[in-house]
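Here's the structure we're looking at; comments come further down.
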Amino acid sequence: MSRRIRTFEESARRESALTKEAMRTLLADSTAPRDPRGRGDHYRAHLADAHRIIETLQLRIKDLEQERDKIKRQAEYDRSLCVTRTTAEEARMAAARWMREKAAMLFEDEGGVPTPASEAIRDLPYPKPKWSK
């Protein structure tokens, strides 16, 4: 996008904002009473309405921010419960090694003397990786 087009778009946005502000001012002036005292009351009423609306919007923003923070905390908690595939694979392989060694130890004679059954268990292949290649 060229600089000239971007400048034109910015200029158009600026002019549009100025036009909207001028229309608001014109509308407020045209609805104001002719009497100077009434005019002050009129503008004060508009200001009071604007402040009420602003307070309402600020409360809504506060509620939305709290809801957003709650969702972020829940997402962080959910992510904390997850593990990576590599970590899961390492844990799975470690459990398989431990089970094989435990089974081999149970088949050994007293004093830890290996038997043909315990050696056959130790010679079993490890399981293939489930989540990695």
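Starting from 1 in every chain, residues are counted up; chains themselves are A, B, ... following the order of the structure tokens, and ligands are numbered from 1 as listed.
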
Shell around Glu119 in chain A at 9 Å using only C-alpha atoms, local window under 5 positions removed, as an NGL selection string: :A and (104 or 107-108 or 114 or 124)

Out of chain A, which residues get helix (DSSP H, G or I) from DSSP, as number ranges by chain? A: 3-31, 36-80, 85-107, 116-122

May I have the residues within 12 Å of Arg100 in chain A as a CSV table (one decimal) with N, CA, C and O atoms, in the first residue's frame, using only C-alpha atoms and disregarding those fewer than 6 positions away in the same chain?
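Generated file (out-v7.csv):
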```
chain,number,residue,atom,x,y,z
A,93,MET,N,7.7,-44.6,27.8
A,93,MET,CA,8.8,-45.5,27.6
A,93,MET,C,9.5,-45.8,29.0
A,93,MET,O,9.9,-46.9,29.2
A,94,ALA,N,9.6,-44.8,29.9
A,94,ALA,CA,10.1,-45.1,31.2
A,94,ALA,C,9.3,-46.1,32.0
A,94,ALA,O,9.8,-47.0,32.7
A,106,LEU,N,11.0,-60.1,39.6
A,106,LEU,CA,10.1,-61.0,40.3
A,106,LEU,C,10.4,-62.5,39.9
A,106,LEU,O,10.2,-63.4,40.6
A,107,PHE,N,11.0,-62.7,38.7
A,107,PHE,CA,11.3,-64.0,38.2
A,107,PHE,C,12.7,-64.5,38.6
A,107,PHE,O,13.1,-65.6,38.4
A,117,ALA,N,13.9,-67.3,32.7
A,117,ALA,CA,12.7,-66.5,32.5
A,117,ALA,C,12.9,-65.0,32.7
A,117,ALA,O,12.4,-64.2,31.9
A,118,SER,N,13.8,-64.6,33.7
A,118,SER,CA,14.0,-63.2,33.9
A,118,SER,C,14.9,-62.6,32.7
A,118,SER,O,14.7,-61.5,32.3
A,119,GLU,N,15.8,-63.4,32.2
A,119,GLU,CA,16.6,-63.0,31.1
A,119,GLU,C,15.7,-62.9,29.8
A,119,GLU,O,15.9,-61.9,29.0
A,120,ALA,N,14.7,-63.8,29.6
A,120,ALA,CA,13.8,-63.7,28.5
A,120,ALA,C,12.9,-62.4,28.6
A,120,ALA,O,12.7,-61.8,27.6
A,121,ILE,N,12.5,-62.1,29.8
A,121,ILE,CA,11.8,-60.9,30.0
A,121,ILE,C,12.6,-59.6,29.7
A,121,ILE,O,12.1,-58.7,29.0
A,122,ARG,N,13.9,-59.6,30.1
A,122,ARG,CA,14.7,-58.5,29.8
A,122,ARG,C,15.0,-58.4,28.3
A,122,ARG,O,15.3,-57.3,27.8
A,123,ASP,N,15.0,-59.5,27.6
A,123,ASP,CA,15.2,-59.5,26.1
A,123,ASP,C,14.0,-59.0,25.3
A,123,ASP,O,14.1,-58.9,24.1
A,124,LEU,N,12.8,-58.9,25.9
A,124,LEU,CA,11.7,-58.4,25.2
A,124,LEU,C,11.9,-57.0,24.6
A,124,LEU,O,12.5,-56.2,25.3
A,125,PRO,N,11.4,-56.8,23.4
A,125,PRO,CA,11.6,-55.4,22.9
A,125,PRO,C,10.8,-54.4,23.6
A,125,PRO,O,9.7,-54.7,24.1
A,126,TYR,N,11.3,-53.1,23.5
A,126,TYR,CA,10.5,-52.0,24.1
A,126,TYR,C,9.3,-51.8,23.1
A,126,TYR,O,9.3,-52.1,21.9
A,127,PRO,N,8.2,-51.2,23.7
A,127,PRO,CA,7.1,-50.9,22.8
A,127,PRO,C,7.5,-49.8,21.8
A,127,PRO,O,8.4,-49.0,22.1
```

My list of candidates is A:Arg79, A:Ala12, A:Val113, A:His46. Which is closest to Arg24 in chain A when distances are computed with only C-alpha atoms?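 Ranking A:Arg79, A:Ala12, A:Val113, A:His46 by distance to Arg24 in chain A, first place goes to A:His46.
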
Quick one: pull the distance between CA of Glu101 in chain A and CA of Thr115 in chain A, Å, one decimal. 13.2 Å

Atomic distance CA of Arg14 in chain A - CA of Ser30 in chain A, expressed in Å with one decimal: 24.2 Å

Please compute the CA of Trp131 in chain A-CA of Glu89 in chain A distance, one decimal, in Å. 6.6 Å
